[in-house]
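Chemist: Got work21.cif for you, mmCIF, C-alpha atoms and all ligand atoms:
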```
data_run
#
loop_
_atom_site.label_atom_id
_atom_site.label_comp_id
_atom_site.auth_asym_id
_atom_site.auth_seq_id
_atom_site.Cartn_x
_atom_site.Cartn_y
_atom_site.Cartn_z
CA MET G 1 -15.51 7.15 -18.29
CA ASN G 2 -17.28 4.38 -16.37
CA ASN G 3 -19.95 5.03 -13.75
CA PHE G 4 -18.75 5.36 -10.18
CA GLU G 5 -19.57 6.36 -6.63
CA PHE G 6 -16.93 8.15 -4.58
CA ILE G 7 -16.60 8.95 -0.91
CA ASN G 8 -13.59 9.67 1.22
CA PRO G 9 -14.51 10.94 4.66
CA VAL G 10 -10.99 11.04 6.17
CA LYS G 11 -9.91 14.37 7.66
CA VAL G 12 -6.27 15.10 6.84
CA VAL G 13 -4.13 17.26 9.12
CA PHE G 14 -0.94 17.90 7.18
CA GLY G 15 2.34 19.64 7.95
CA LYS G 16 5.20 20.38 10.32
CA GLY G 17 4.32 19.93 13.96
CA SER G 18 0.88 18.53 13.16
CA ILE G 19 1.05 15.75 15.80
CA ALA G 20 0.37 18.52 18.33
CA GLU G 21 -3.11 18.74 16.75
CA LEU G 22 -3.89 15.18 17.84
CA SER G 23 -5.85 15.99 21.00
CA ALA G 24 -8.18 18.28 19.05
CA GLN G 25 -9.13 15.38 16.75
CA LEU G 26 -10.10 12.93 19.50
CA PRO G 27 -13.58 12.76 21.02
CA SER G 28 -13.47 14.05 24.61
CA HIS G 29 -14.65 10.72 26.05
CA ALA G 30 -11.99 8.70 24.16
CA ARG G 31 -10.31 5.80 25.96
CA VAL G 32 -7.49 5.33 23.52
CA LEU G 33 -5.36 2.35 22.58
CA VAL G 34 -2.15 3.54 20.92
CA ILE G 35 -1.05 0.82 18.49
CA TYR G 36 2.49 0.79 17.08
CA GLY G 37 5.15 -1.41 15.51
CA GLY G 38 8.56 -2.68 16.52
CA GLY G 39 9.70 0.45 18.33
CA SER G 40 10.96 2.93 15.72
CA ILE G 41 8.59 5.53 17.18
CA LYS G 42 10.49 5.41 20.46
CA ARG G 43 13.82 6.13 18.73
CA ASN G 44 12.74 9.09 16.63
CA ASN G 45 10.69 11.19 19.06
CA ILE G 46 7.30 10.38 17.49
CA TYR G 47 6.23 8.48 20.63
CA ASN G 48 7.03 11.50 22.82
CA GLN G 49 5.03 13.83 20.58
CA VAL G 50 2.04 11.46 20.64
CA THR G 51 2.04 10.90 24.41
CA GLU G 52 2.44 14.64 25.00
CA ALA G 53 -0.65 15.26 22.83
CA LEU G 54 -2.57 12.53 24.68
CA LYS G 55 -2.16 14.14 28.11
CA GLY G 56 -5.61 14.45 29.60
CA PHE G 57 -6.94 11.33 27.86
CA GLY G 58 -7.05 7.85 29.31
CA TYR G 59 -4.81 5.77 27.10
CA PHE G 60 -3.15 2.35 26.88
CA GLU G 61 -0.49 1.01 24.50
CA PHE G 62 -0.08 -2.03 22.30
CA GLY G 63 3.29 -2.35 20.53
CA GLY G 64 4.85 -5.11 18.46
CA ILE G 65 2.82 -5.05 15.24
CA GLU G 66 5.06 -6.67 12.63
CA ALA G 67 5.77 -5.48 9.11
CA ASN G 68 3.12 -7.42 7.16
CA PRO G 69 0.90 -7.58 10.25
CA GLN G 70 -0.09 -10.94 11.64
CA TYR G 71 -3.59 -12.04 12.56
CA GLU G 72 -2.32 -13.67 15.75
CA THR G 73 -0.81 -10.40 17.04
CA CYS G 74 -3.93 -8.43 16.14
CA MET G 75 -6.07 -10.83 18.18
CA GLN G 76 -3.90 -10.17 21.26
CA ALA G 77 -4.80 -6.49 20.93
CA VAL G 78 -8.48 -7.42 20.75
CA THR G 79 -8.20 -9.15 24.15
CA LEU G 80 -6.65 -6.01 25.67
CA ILE G 81 -9.36 -3.79 24.16
CA LYS G 82 -12.11 -5.87 25.73
CA GLU G 83 -10.32 -5.95 29.08
CA LYS G 84 -9.76 -2.19 29.24
CA ASN G 85 -13.00 -0.99 27.63
CA ILE G 86 -11.14 0.86 24.91
CA ASN G 87 -13.34 2.92 22.59
CA PHE G 88 -10.83 4.54 20.19
CA LEU G 89 -7.83 3.10 18.33
CA LEU G 90 -4.86 5.27 17.38
CA ALA G 91 -2.46 3.78 14.83
CA VAL G 92 1.03 5.31 15.00
CA GLY G 93 3.04 3.81 12.16
CA GLY G 94 3.18 2.85 8.51
CA GLY G 95 0.87 0.68 6.44
CA SER G 96 1.37 -2.38 8.62
CA VAL G 97 0.33 -0.67 11.85
CA ILE G 98 -2.59 1.10 10.19
CA ASP G 99 -3.84 -2.09 8.52
CA ALA G 100 -3.51 -4.03 11.77
CA THR G 101 -5.44 -1.31 13.57
CA LYS G 102 -8.26 -1.44 11.00
CA PHE G 103 -8.51 -5.21 11.41
CA ILE G 104 -8.40 -4.94 15.21
CA ALA G 105 -11.19 -2.32 15.00
CA VAL G 106 -13.35 -4.83 13.15
CA ALA G 107 -12.33 -7.91 15.14
CA SER G 108 -13.13 -6.19 18.47
CA LEU G 109 -16.82 -5.91 17.56
CA PHE G 110 -17.16 -8.93 15.27
CA ASP G 111 -19.69 -11.61 16.03
CA GLY G 112 -17.89 -14.83 15.03
CA GLU G 113 -14.40 -15.57 13.67
CA PRO G 114 -12.89 -12.29 12.36
CA TRP G 115 -10.57 -14.13 9.94
CA ASP G 116 -13.73 -14.84 7.89
CA VAL G 117 -13.75 -11.17 6.88
CA LEU G 118 -10.51 -11.82 4.99
CA VAL G 119 -10.92 -15.37 3.81
CA LYS G 120 -14.68 -15.50 3.14
CA GLY G 121 -15.45 -11.84 2.61
CA SER G 122 -17.89 -11.84 5.56
CA PRO G 123 -19.58 -8.43 5.81
CA VAL G 124 -18.29 -5.90 8.31
CA GLU G 125 -21.19 -4.46 10.30
CA ASN G 126 -19.24 -2.47 12.86
CA ALA G 127 -15.79 -1.25 13.80
CA LEU G 128 -14.25 0.83 16.55
CA PRO G 129 -13.23 4.31 15.39
CA VAL G 130 -9.64 4.62 14.15
CA GLY G 131 -7.27 7.60 13.98
CA VAL G 132 -3.84 7.65 12.35
CA VAL G 133 -0.48 9.28 12.95
CA LEU G 134 1.43 8.30 9.81
CA THR G 135 5.17 7.57 10.07
CA LEU G 136 5.90 6.09 6.63
CA SER G 137 4.31 7.31 3.42
CA ALA G 138 3.74 4.43 1.04
CA THR G 139 0.50 2.50 1.19
CA GLY G 140 -2.16 5.21 1.32
CA SER G 141 -3.80 3.19 4.12
CA GLU G 142 -4.07 6.41 6.15
CA THR G 143 -6.97 7.66 4.01
CA ASN G 144 -8.46 4.48 2.57
CA GLU G 145 -10.75 1.65 3.60
CA ARG G 146 -8.41 -1.29 2.92
CA ALA G 147 -6.25 -3.52 5.08
CA VAL G 148 -3.94 -6.43 4.32
CA ILE G 149 -3.37 -9.05 7.03
CA SER G 150 -1.23 -12.19 7.09
CA ARG G 151 -1.73 -15.44 9.00
CA MET G 152 1.31 -17.51 9.79
CA GLU G 153 -0.62 -20.69 10.56
CA THR G 154 -2.20 -20.88 7.09
CA ARG G 155 0.57 -19.04 5.22
CA GLN G 156 -1.92 -16.57 3.76
CA LYS G 157 -1.85 -12.83 3.12
CA LEU G 158 -5.28 -11.38 2.34
CA MET G 159 -6.97 -8.00 1.85
CA PHE G 160 -10.35 -6.71 2.95
CA SER G 161 -12.04 -3.40 2.41
CA SER G 162 -14.94 -1.80 4.26
CA SER G 163 -16.21 1.76 4.57
CA LYS G 164 -16.38 1.11 8.34
CA VAL G 165 -12.57 1.27 8.60
CA PHE G 166 -11.94 4.62 6.96
CA PRO G 167 -9.90 6.42 9.62
CA GLN G 168 -11.63 9.41 11.22
CA PHE G 169 -8.48 11.47 10.78
CA ALA G 170 -4.93 11.12 9.52
CA ILE G 171 -2.09 13.27 10.82
CA LEU G 172 0.64 13.65 8.21
CA ASP G 173 3.85 15.34 9.32
CA PRO G 174 6.51 14.89 6.61
CA GLU G 175 9.29 15.48 9.16
CA VAL G 176 8.58 12.15 10.85
CA THR G 177 9.77 10.36 7.70
CA TYR G 178 13.35 11.75 8.02
CA SER G 179 14.30 8.78 10.20
CA LEU G 180 13.27 6.12 7.66
CA PRO G 181 16.05 3.76 6.58
CA ALA G 182 16.89 3.92 2.84
CA ARG G 183 15.18 0.57 2.26
CA GLN G 184 11.86 1.90 3.57
CA VAL G 185 12.21 5.17 1.64
CA ALA G 186 12.65 3.10 -1.53
CA ASN G 187 9.74 0.84 -0.62
CA GLY G 188 7.46 3.82 -0.09
CA VAL G 189 8.43 5.45 -3.37
CA VAL G 190 8.03 2.27 -5.42
CA ASP G 191 4.81 1.13 -3.71
CA SER G 192 3.09 4.48 -4.18
CA PHE G 193 4.28 4.69 -7.81
CA ILE G 194 2.86 1.24 -8.53
CA HIS G 195 -0.46 2.12 -6.87
CA VAL G 196 -0.84 4.75 -9.55
CA VAL G 197 0.23 2.33 -12.28
CA GLU G 198 -2.33 -0.28 -11.17
CA GLN G 199 -5.09 2.28 -11.77
CA TYR G 200 -3.62 3.99 -14.86
CA LEU G 201 -1.91 1.36 -16.98
CA THR G 202 -4.93 -0.53 -18.32
CA TYR G 203 -6.92 0.67 -21.36
CA PRO G 204 -8.18 4.19 -22.08
CA VAL G 205 -11.76 5.14 -21.18
CA ASN G 206 -11.25 8.85 -21.88
CA ALA G 207 -11.08 9.70 -18.17
CA LYS G 208 -9.08 12.90 -18.52
CA VAL G 209 -9.09 14.07 -14.91
CA GLN G 210 -7.99 10.67 -13.63
CA ASP G 211 -5.28 10.27 -16.29
CA TYR G 212 -3.76 13.74 -15.87
CA PHE G 213 -3.94 13.44 -12.10
CA ALA G 214 -2.28 10.01 -12.21
CA GLU G 215 0.48 11.34 -14.46
CA GLY G 216 1.07 14.25 -12.07
CA LEU G 217 1.45 11.81 -9.19
CA MET G 218 3.86 9.56 -11.12
CA LYS G 219 5.96 12.54 -12.22
CA THR G 220 6.14 13.81 -8.66
CA ILE G 221 7.22 10.42 -7.34
CA VAL G 222 9.83 9.91 -10.09
CA GLU G 223 11.28 13.41 -9.58
CA GLU G 224 11.31 13.45 -5.79
CA GLY G 225 11.91 9.77 -4.95
CA PRO G 226 15.67 9.65 -5.60
CA LYS G 227 16.13 13.01 -3.82
CA ALA G 228 14.75 11.49 -0.60
CA LEU G 229 17.55 8.92 -0.70
CA TYR G 230 20.31 11.48 -1.17
CA ASN G 231 18.91 14.26 0.98
CA PRO G 232 16.73 12.63 3.63
CA THR G 233 15.93 15.83 5.54
CA ASP G 234 14.66 17.93 2.65
CA TYR G 235 11.19 18.93 3.87
CA ASP G 236 9.71 19.77 0.48
CA VAL G 237 10.82 16.47 -0.99
CA ARG G 238 9.24 14.55 1.89
CA ALA G 239 6.07 16.65 1.81
CA ASN G 240 5.58 16.07 -1.91
CA LEU G 241 6.22 12.33 -1.60
CA MET G 242 3.89 12.03 1.36
CA TRP G 243 1.01 13.81 -0.32
CA ALA G 244 1.58 11.89 -3.55
CA ALA G 245 1.47 8.54 -1.74
CA THR G 246 -1.76 9.49 0.03
CA ASN G 247 -3.41 10.58 -3.22
CA ALA G 248 -2.17 7.49 -5.03
CA LEU G 249 -4.51 5.27 -3.04
CA ASN G 250 -7.32 7.34 -1.54
CA GLY G 251 -9.79 6.26 -4.22
CA TRP G 252 -9.61 9.47 -6.26
CA ILE G 253 -7.64 8.37 -9.36
CA GLY G 254 -9.47 5.03 -9.44
CA CYS G 255 -12.90 6.60 -10.02
CA GLY G 256 -14.55 5.38 -13.21
CA VAL G 257 -11.47 3.67 -14.68
CA PRO G 258 -10.54 0.00 -15.17
CA GLN G 259 -8.00 -1.22 -12.61
CA ASP G 260 -5.39 -3.96 -12.70
CA TRP G 261 -3.98 -4.86 -9.21
CA SER G 262 -2.53 -8.17 -10.47
CA SER G 263 1.05 -7.35 -9.39
CA HIS G 264 -0.30 -6.66 -5.92
CA ARG G 265 -2.30 -9.87 -5.60
CA MET G 266 0.42 -12.09 -7.09
CA GLY G 267 2.97 -10.41 -4.83
CA TYR G 268 1.34 -11.51 -1.57
CA ALA G 269 2.76 -15.03 -1.97
CA LEU G 270 6.29 -13.68 -2.46
CA THR G 271 6.02 -11.97 0.92
CA VAL G 272 4.43 -14.88 2.74
CA GLN G 273 6.70 -17.57 1.30
CA PHE G 274 9.99 -15.74 0.74
CA GLY G 275 9.77 -12.73 3.05
CA LEU G 276 10.09 -10.04 0.36
CA ASP G 277 8.96 -6.56 1.36
CA HIS G 278 5.66 -5.56 -0.25
CA ALA G 279 7.32 -3.06 -2.63
CA GLN G 280 10.01 -5.57 -3.62
CA THR G 281 7.30 -7.98 -4.78
CA LEU G 282 5.81 -5.25 -6.96
CA ALA G 283 9.12 -4.15 -8.48
CA VAL G 284 9.72 -7.76 -9.53
CA LEU G 285 6.26 -8.49 -10.91
CA LEU G 286 5.09 -5.25 -12.54
CA PRO G 287 7.63 -5.37 -15.43
CA GLY G 288 6.39 -8.93 -16.08
CA VAL G 289 2.75 -7.81 -16.21
CA MET G 290 3.70 -4.89 -18.49
CA THR G 291 5.57 -7.23 -20.83
CA TYR G 292 3.00 -10.04 -20.87
CA PHE G 293 0.07 -7.66 -21.52
CA ARG G 294 1.91 -5.17 -23.71
CA LYS G 295 -0.65 -5.48 -26.53
CA GLU G 296 -3.66 -5.04 -24.22
CA LYS G 297 -1.96 -2.10 -22.46
CA GLU G 298 -0.33 -0.66 -25.58
CA ALA G 299 -2.13 2.70 -25.75
CA LYS G 300 -1.40 3.50 -22.11
CA LEU G 301 2.17 2.17 -22.32
CA LEU G 302 2.91 4.54 -25.22
CA ARG G 303 1.36 7.45 -23.35
CA MET G 304 3.19 6.61 -20.11
CA GLY G 305 6.49 6.34 -22.01
CA GLU G 306 6.03 9.74 -23.58
CA VAL G 307 4.77 11.62 -20.52
CA LEU G 308 7.04 10.04 -17.93
CA TRP G 309 10.19 9.00 -19.74
CA GLY G 310 10.13 11.25 -22.83
CA ILE G 311 10.02 8.31 -25.26
CA THR G 312 8.73 9.49 -28.63
CA GLN G 313 11.01 7.79 -31.19
CA GLY G 314 10.99 4.30 -32.68
CA THR G 315 8.41 1.69 -33.63
CA THR G 316 5.49 1.00 -31.35
CA GLU G 317 7.15 -2.17 -30.05
CA GLU G 318 10.44 -0.35 -29.42
CA ARG G 319 8.69 2.44 -27.52
CA VAL G 320 6.73 -0.05 -25.42
CA GLN G 321 9.87 -2.04 -24.59
CA GLN G 322 11.75 1.15 -23.72
CA THR G 323 8.93 2.26 -21.40
CA ILE G 324 9.07 -1.05 -19.54
CA LYS G 325 12.86 -0.82 -19.30
CA GLU G 326 12.84 2.77 -17.97
CA THR G 327 10.24 1.84 -15.37
CA GLU G 328 12.33 -1.09 -14.13
CA THR G 329 15.46 1.10 -14.13
CA PHE G 330 13.64 3.59 -11.89
CA PHE G 331 13.00 0.86 -9.31
CA GLN G 332 16.67 -0.17 -9.49
CA LYS G 333 17.74 3.46 -9.14
CA MET G 334 15.79 3.52 -5.87
CA GLY G 335 17.87 0.52 -4.76
CA ILE G 336 15.28 -2.23 -5.25
CA ARG G 337 16.23 -5.46 -7.00
CA THR G 338 13.79 -6.45 -9.70
CA ARG G 339 14.33 -10.14 -10.54
CA LEU G 340 13.04 -13.23 -8.71
CA GLY G 341 16.55 -14.67 -8.91
CA ASP G 342 17.87 -11.66 -6.93
CA TYR G 343 15.87 -13.02 -3.98
CA GLY G 344 16.90 -16.66 -4.47
CA ILE G 345 13.60 -17.68 -6.09
CA GLN G 346 13.87 -20.33 -8.80
CA GLU G 347 11.62 -21.89 -11.42
CA SER G 348 10.92 -24.82 -9.11
CA ASP G 349 9.31 -22.38 -6.63
CA LEU G 350 6.74 -20.98 -9.05
CA ASP G 351 3.99 -23.61 -8.68
CA CYS G 352 3.93 -22.95 -4.98
CA LEU G 353 3.90 -19.16 -5.53
CA VAL G 354 0.83 -19.28 -7.78
CA GLY G 355 -0.92 -21.71 -5.41
CA PRO G 356 -3.03 -19.01 -3.69
CA LEU G 357 -4.54 -17.94 -7.05
CA LYS G 358 -5.75 -21.48 -7.57
CA GLN G 359 -6.87 -21.91 -3.98
CA MET G 360 -8.81 -18.61 -3.85
CA GLY G 361 -10.05 -18.90 -7.45
CA TRP G 362 -8.69 -15.42 -8.25
CA LYS G 363 -8.86 -14.13 -11.85
CA LEU G 364 -6.73 -11.01 -11.86
CA GLY G 365 -6.06 -7.96 -14.00
CA GLU G 366 -8.36 -5.46 -15.71
CA TYR G 367 -9.73 -8.23 -17.95
CA GLY G 368 -9.93 -10.83 -15.16
CA LYS G 369 -7.76 -13.13 -17.25
CA ILE G 370 -4.86 -13.95 -14.95
CA ASP G 371 -5.28 -17.38 -13.41
CA SER G 372 -2.51 -19.48 -11.87
CA LYS G 373 -1.30 -20.64 -15.31
CA ILE G 374 -0.84 -17.10 -16.67
CA ALA G 375 0.59 -15.94 -13.35
CA LYS G 376 3.26 -18.62 -13.71
CA GLU G 377 4.04 -17.47 -17.27
CA ILE G 378 4.43 -13.90 -15.97
CA MET G 379 6.75 -15.08 -13.20
CA LEU G 380 8.81 -17.08 -15.70
CA LEU G 381 9.59 -13.75 -17.39
CA ARG G 382 11.03 -12.48 -14.10
CA LEU G 383 13.45 -15.25 -13.09
O1 LIG B 1 7.83 -1.45 13.21
P1 LIG B 1 8.67 -0.24 13.38
O2 LIG B 1 9.73 -0.37 14.39
O3 LIG B 1 7.84 1.01 13.58
O4 LIG B 1 9.51 -0.03 12.01
C1 LIG B 1 8.87 0.11 10.74
C2 LIG B 1 8.95 -1.16 9.91
O5 LIG B 1 10.03 -1.96 10.28
C3 LIG B 1 9.68 1.10 9.94
N1 LIG B 1 9.27 2.50 10.11
C4 LIG B 1 8.02 3.01 9.94
N2 LIG B 1 8.06 4.35 10.13
C5 LIG B 1 9.34 4.68 10.43
C6 LIG B 1 10.11 3.49 10.44
N3 LIG B 1 11.44 3.48 10.69
C7 LIG B 1 12.02 4.68 10.97
N4 LIG B 1 11.35 5.85 10.96
C8 LIG B 1 10.01 5.90 10.70
N5 LIG B 1 9.36 7.07 10.66
O6 LIG B 1 9.45 0.72 8.58
C9 LIG B 1 9.24 -0.68 8.51
C10 LIG B 1 8.14 -0.98 7.52
O7 LIG B 1 6.90 -0.50 7.98
P2 LIG B 1 5.53 -0.98 7.31
O8 LIG B 1 4.42 -0.30 8.02
O9 LIG B 1 5.53 -2.45 7.21
O10 LIG B 1 5.68 -0.41 5.81
P3 LIG B 1 4.60 0.03 4.78
O11 LIG B 1 4.02 1.35 5.13
O12 LIG B 1 5.28 -0.10 3.48
O13 LIG B 1 3.42 -1.04 4.91
C11 LIG B 1 3.46 -2.29 4.27
C12 LIG B 1 2.19 -3.07 4.55
O14 LIG B 1 1.04 -2.38 4.01
C13 LIG B 1 0.33 -3.27 3.13
C14 LIG B 1 1.43 -4.19 2.63
O15 LIG B 1 0.91 -5.37 2.06
C15 LIG B 1 2.22 -4.44 3.90
O16 LIG B 1 1.59 -5.41 4.70
N6 LIG B 1 -0.42 -2.50 2.13
C16 LIG B 1 -1.53 -1.86 2.53
C17 LIG B 1 -2.35 -1.19 1.65
C18 LIG B 1 -3.57 -0.50 2.09
N7 LIG B 1 -4.02 -0.69 3.33
O17 LIG B 1 -4.19 0.23 1.31
C19 LIG B 1 -2.06 -1.12 0.22
C20 LIG B 1 -0.69 -1.56 -0.13
O18 LIG B 1 -0.67 -1.96 -1.49
C21 LIG B 1 -0.12 -2.64 0.71
O19 LIG B 1 -0.55 -3.92 0.30
ZN ZN B 2 1.01 -1.55 -2.52
#
```
For this file, produce the structure as C-alpha cells.
Ligand code: NZQ
Ligand code: ZN
Modeler:
Amino acid sequence: MNNFEFINPVKVVFGKGSIAELSAQLPSHARVLVIYGGGSIKRNNIYNQVTEALKGFGYFEFGGIEANPQYETCMQAVTLIKEKNINFLLAVGGGSVIDATKFIAVASLFDGEPWDVLVKGSPVENALPVGVVLTLSATGSETNERAVISRMETRQKLMFSSSKVFPQFAILDPEVTYSLPARQVANGVVDSFIHVVEQYLTYPVNAKVQDYFAEGLMKTIVEEGPKALYNPTDYDVRANLMWAATNALNGWIGCGVPQDWSSHRMGYALTVQFGLDHAQTLAVLLPGVMTYFRKEKEAKLLRMGEVLWGITQGTTEERVQQTIKETETFFQKMGIRTRLGDYGIQESDLDCLVGPLKQMGWKLGEYGKIDSKIAKEIMLLRL
C-alpha cells in the first residue's frame, strides 16, 4: 500500500424525508442562495421540500445551471451573490449543479480571473460555504472536493479540486431519485461504476481494504443498477445505489492505491465537441483503455473477472477478453451505447478529440503514459 493522507469532513444526512433536516444544518445567520438546474426540482416536489425547510432564513434563488455546467452561467450567479450579500450556497441537484456551486463558491471570493483555477491550477485560498441536497446519485460530488466546469467560448471542459469546496453537509434522500428519466438512471449507474474502476483496475499494491471495498461497491452497482430501470420506486434499490455512488468517489477507496482516470480525462472532449453525456463518454472509452492496457492491468482484470463476472475458465487472454466483454455488456444492459460510431463519431474526428491532451500536455493513466498519440490509438479501438 502506498502512503496517503485522508480527510473527508462532509456530514451526510441520509434517508427518507431527510430534506426536512435542512434547516438544522444551516448556520443561523445564513443568507442562502439556492442553486439549481433546468427545473426538474419544480416538477418532482423537491423544490417545495427545500423551500419549506428554508422558512425562517433569508434566501434567494439561481436556476438554469446546465448539465455540464458552463463558466458563463456560473459567473452570472457570482454577480447575484455580490449584489445580495449571500453568505451560504445551497446546491439542489446532481453533479452539474453541485460542481457549478463549488466553482461559484470559489469565484465569488477569488482575487483575479476565476477561470485560472481550472486552466492554470491557480490556488484556491477561499470559498463560500456550500451545502448540498442531492437529486441524482452518480458523481460523488456531494462528498468530494472536485468540480468539472465547461467553457463554451474556448470549447474546454476542465476539473479542479480543493479542500475549500468540500460541502459542509450533503442531504441524501433516495426517494428524490424516483423521478429520474431512464437515461439519467443509467448514467448514474455507469458513472459510479467507472469511478470505482478508475481506482481499482490498475496494478496490485496489496491494499486489501481498498480492493475488497471497491469490489463490494461494484457488486452492489451491478446487482442493483438494472433493477432501478425496471422498478424505479424500489426504495432499497435506490438507497443502495445512492450510497454506493457516494462511496465510489469520496476519496476512501482511492487511499494509497494507483489511479487511472484516463477514460474520464479523454471523455471531456467527447462531451464538449459531440455533446455526449459524461457517462456515455466513459462507457465508450473504458473498454478501449482495458483492451489497450490489458497486459499492464492483467492481474486486476483477472481478479475483476472472477469476482464480478464469475470468469474462472480459459487462458489468461481469454479470461481478460471475457472480462472486458462482460463489462461492456453491462453498460449496454443499462441502455448506454458503447461505440464512437453509435454517436456519429468517425476516424476523421479523432485528431480533434485528442487535441486537449496535446494542448494541456496531459499524460494520463496510472503510468502517466497516455499522450495524444496513444489516446488516438485507444479511440481507434472504439470506432
Ligand atoms: O437540470 P435539471 O432540470 O435539474 O435536470 C437534470 C439534468 O437534466 C436531471 N435531474 C437531476 N435530478 C433529477 C433530474 N431529473 C429528474 N429527477 C431528478 N431527481 O438530470 C440531468 C443530468 O443532471 P447532471 O447533474 O448533469 O448529472 P450528473 O449528476 O451525472 O452530473 C454530471 C456532471 O458531473 C461531472 C460531469 O463531468 C458532468 O459535468 N462530474 C463531476 C465529478 C465530481 N465533481 O466529482 C466527477 C464525475 O466524474 C464527473 O466528471
Ligand atoms: Zn465520472
Chemist: Once you count all atoms listed in the file, what closest atom pair and distance in Å to one decimal does each residue of chain G within 12 Å of ligand ZN 2 (chain B) have, with rows by chain and rising residue number, as JSON lines?
Modeler:
```
{"residue": "G:Asn68", "atom": "CA", "partner": "B:ZN2", "partner_atom": "ZN", "distance": 11.5}
{"residue": "G:Gly95", "atom": "CA", "partner": "B:ZN2", "partner_atom": "ZN", "distance": 9.2}
{"residue": "G:Ser96", "atom": "CA", "partner": "B:ZN2", "partner_atom": "ZN", "distance": 11.2}
{"residue": "G:Ser137", "atom": "CA", "partner": "B:ZN2", "partner_atom": "ZN", "distance": 11.2}
{"residue": "G:Ala138", "atom": "CA", "partner": "B:ZN2", "partner_atom": "ZN", "distance": 7.5}
{"residue": "G:Thr139", "atom": "CA", "partner": "B:ZN2", "partner_atom": "ZN", "distance": 5.5}
{"residue": "G:Gly140", "atom": "CA", "partner": "B:ZN2", "partner_atom": "ZN", "distance": 8.4}
{"residue": "G:Ser141", "atom": "CA", "partner": "B:ZN2", "partner_atom": "ZN", "distance": 9.5}
{"residue": "G:Arg146", "atom": "CA", "partner": "B:ZN2", "partner_atom": "ZN", "distance": 10.9}
{"residue": "G:Ala147", "atom": "CA", "partner": "B:ZN2", "partner_atom": "ZN", "distance": 10.7}
{"residue": "G:Val148", "atom": "CA", "partner": "B:ZN2", "partner_atom": "ZN", "distance": 9.8}
{"residue": "G:Met159", "atom": "CA", "partner": "B:ZN2", "partner_atom": "ZN", "distance": 11.2}
{"residue": "G:Asn187", "atom": "CA", "partner": "B:ZN2", "partner_atom": "ZN", "distance": 9.2}
{"residue": "G:Gly188", "atom": "CA", "partner": "B:ZN2", "partner_atom": "ZN", "distance": 8.7}
{"residue": "G:Val189", "atom": "CA", "partner": "B:ZN2", "partner_atom": "ZN", "distance": 10.2}
{"residue": "G:Val190", "atom": "CA", "partner": "B:ZN2", "partner_atom": "ZN", "distance": 8.5}
{"residue": "G:Asp191", "atom": "CA", "partner": "B:ZN2", "partner_atom": "ZN", "distance": 4.8}
{"residue": "G:Ser192", "atom": "CA", "partner": "B:ZN2", "partner_atom": "ZN", "distance": 6.6}
{"residue": "G:Phe193", "atom": "CA", "partner": "B:ZN2", "partner_atom": "ZN", "distance": 8.8}
{"residue": "G:Ile194", "atom": "CA", "partner": "B:ZN2", "partner_atom": "ZN", "distance": 6.9}
{"residue": "G:His195", "atom": "CA", "partner": "B:ZN2", "partner_atom": "ZN", "distance": 5.9}
{"residue": "G:Val196", "atom": "CA", "partner": "B:ZN2", "partner_atom": "ZN", "distance": 9.6}
{"residue": "G:Val197", "atom": "CA", "partner": "B:ZN2", "partner_atom": "ZN", "distance": 10.5}
{"residue": "G:Glu198", "atom": "CA", "partner": "B:ZN2", "partner_atom": "ZN", "distance": 9.4}
{"residue": "G:Gln199", "atom": "CA", "partner": "B:ZN2", "partner_atom": "ZN", "distance": 11.7}
{"residue": "G:Ala245", "atom": "CA", "partner": "B:ZN2", "partner_atom": "ZN", "distance": 10.1}
{"residue": "G:Thr246", "atom": "CA", "partner": "B:ZN2", "partner_atom": "ZN", "distance": 11.7}
{"residue": "G:Ala248", "atom": "CA", "partner": "B:ZN2", "partner_atom": "ZN", "distance": 9.9}
{"residue": "G:Leu249", "atom": "CA", "partner": "B:ZN2", "partner_atom": "ZN", "distance": 8.8}
{"residue": "G:Trp261", "atom": "CA", "partner": "B:ZN2", "partner_atom": "ZN", "distance": 9.0}
{"residue": "G:Ser262", "atom": "CA", "partner": "B:ZN2", "partner_atom": "ZN", "distance": 10.9}
{"residue": "G:Ser263", "atom": "CA", "partner": "B:ZN2", "partner_atom": "ZN", "distance": 9.0}
{"residue": "G:His264", "atom": "CA", "partner": "B:ZN2", "partner_atom": "ZN", "distance": 6.3}
{"residue": "G:Arg265", "atom": "CA", "partner": "B:ZN2", "partner_atom": "ZN", "distance": 9.5}
{"residue": "G:Met266", "atom": "CA", "partner": "B:ZN2", "partner_atom": "ZN", "distance": 11.5}
{"residue": "G:Gly267", "atom": "CA", "partner": "B:ZN2", "partner_atom": "ZN", "distance": 9.4}
{"residue": "G:Tyr268", "atom": "CA", "partner": "B:ZN2", "partner_atom": "ZN", "distance": 10.0}
{"residue": "G:Asp277", "atom": "CA", "partner": "B:ZN2", "partner_atom": "ZN", "distance": 10.2}
{"residue": "G:His278", "atom": "CA", "partner": "B:ZN2", "partner_atom": "ZN", "distance": 6.5}
{"residue": "G:Ala279", "atom": "CA", "partner": "B:ZN2", "partner_atom": "ZN", "distance": 6.5}
{"residue": "G:Gln280", "atom": "CA", "partner": "B:ZN2", "partner_atom": "ZN", "distance": 9.9}
{"residue": "G:Thr281", "atom": "CA", "partner": "B:ZN2", "partner_atom": "ZN", "distance": 9.3}
{"residue": "G:Leu282", "atom": "CA", "partner": "B:ZN2", "partner_atom": "ZN", "distance": 7.5}
{"residue": "G:Ala283", "atom": "CA", "partner": "B:ZN2", "partner_atom": "ZN", "distance": 10.4}
{"residue": "G:Leu286", "atom": "CA", "partner": "B:ZN2", "partner_atom": "ZN", "distance": 11.4}
```
Chemist: From the list G:Thr73, G:Gln25, G:Asn126, G:Ser161, which residue is nearest ligand LIG 1 (chain B) when using only C-alpha atoms and all ligand atoms?
Modeler: G:Ser161
Chemist: I want to know what sits within 12 Å of G:Phe293, based on only C-alpha atoms, with residues of the same chain fewer than 2 positions away left out; could you give that as a VMD selection string?
Modeler: chain G and resid 201 to 203 260 262 286 to 291 295 to 301 320 to 321 324 365 to 367 369 to 370 374 to 375 377 to 378
Chemist: Taking all atoms listed in the file into account, which of G:Val284, G:Val257, G:Ile19, G:Leu380 comes nearest G:Asn3?
Modeler: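 Of G:Val284, G:Val257, G:Ile19, G:Leu380, the one nearest G:Asn3 is G:Val257, counting all atoms listed in the file.
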Chemist: Within 12 Å of (7.8, -20.8, -6.6) (coordinates as in the file), grab all the protein and nucleic acid residues, counting all atoms listed in the file, and write them out as JSON, numbers by chain.
Modeler: {"G": [266, 267, 269, 270, 271, 272, 273, 274, 340, 341, 343, 344, 345, 346, 347, 348, 349, 350, 351, 352, 353, 354, 355, 356, 372, 375, 376, 377, 379, 380, 382, 383]}
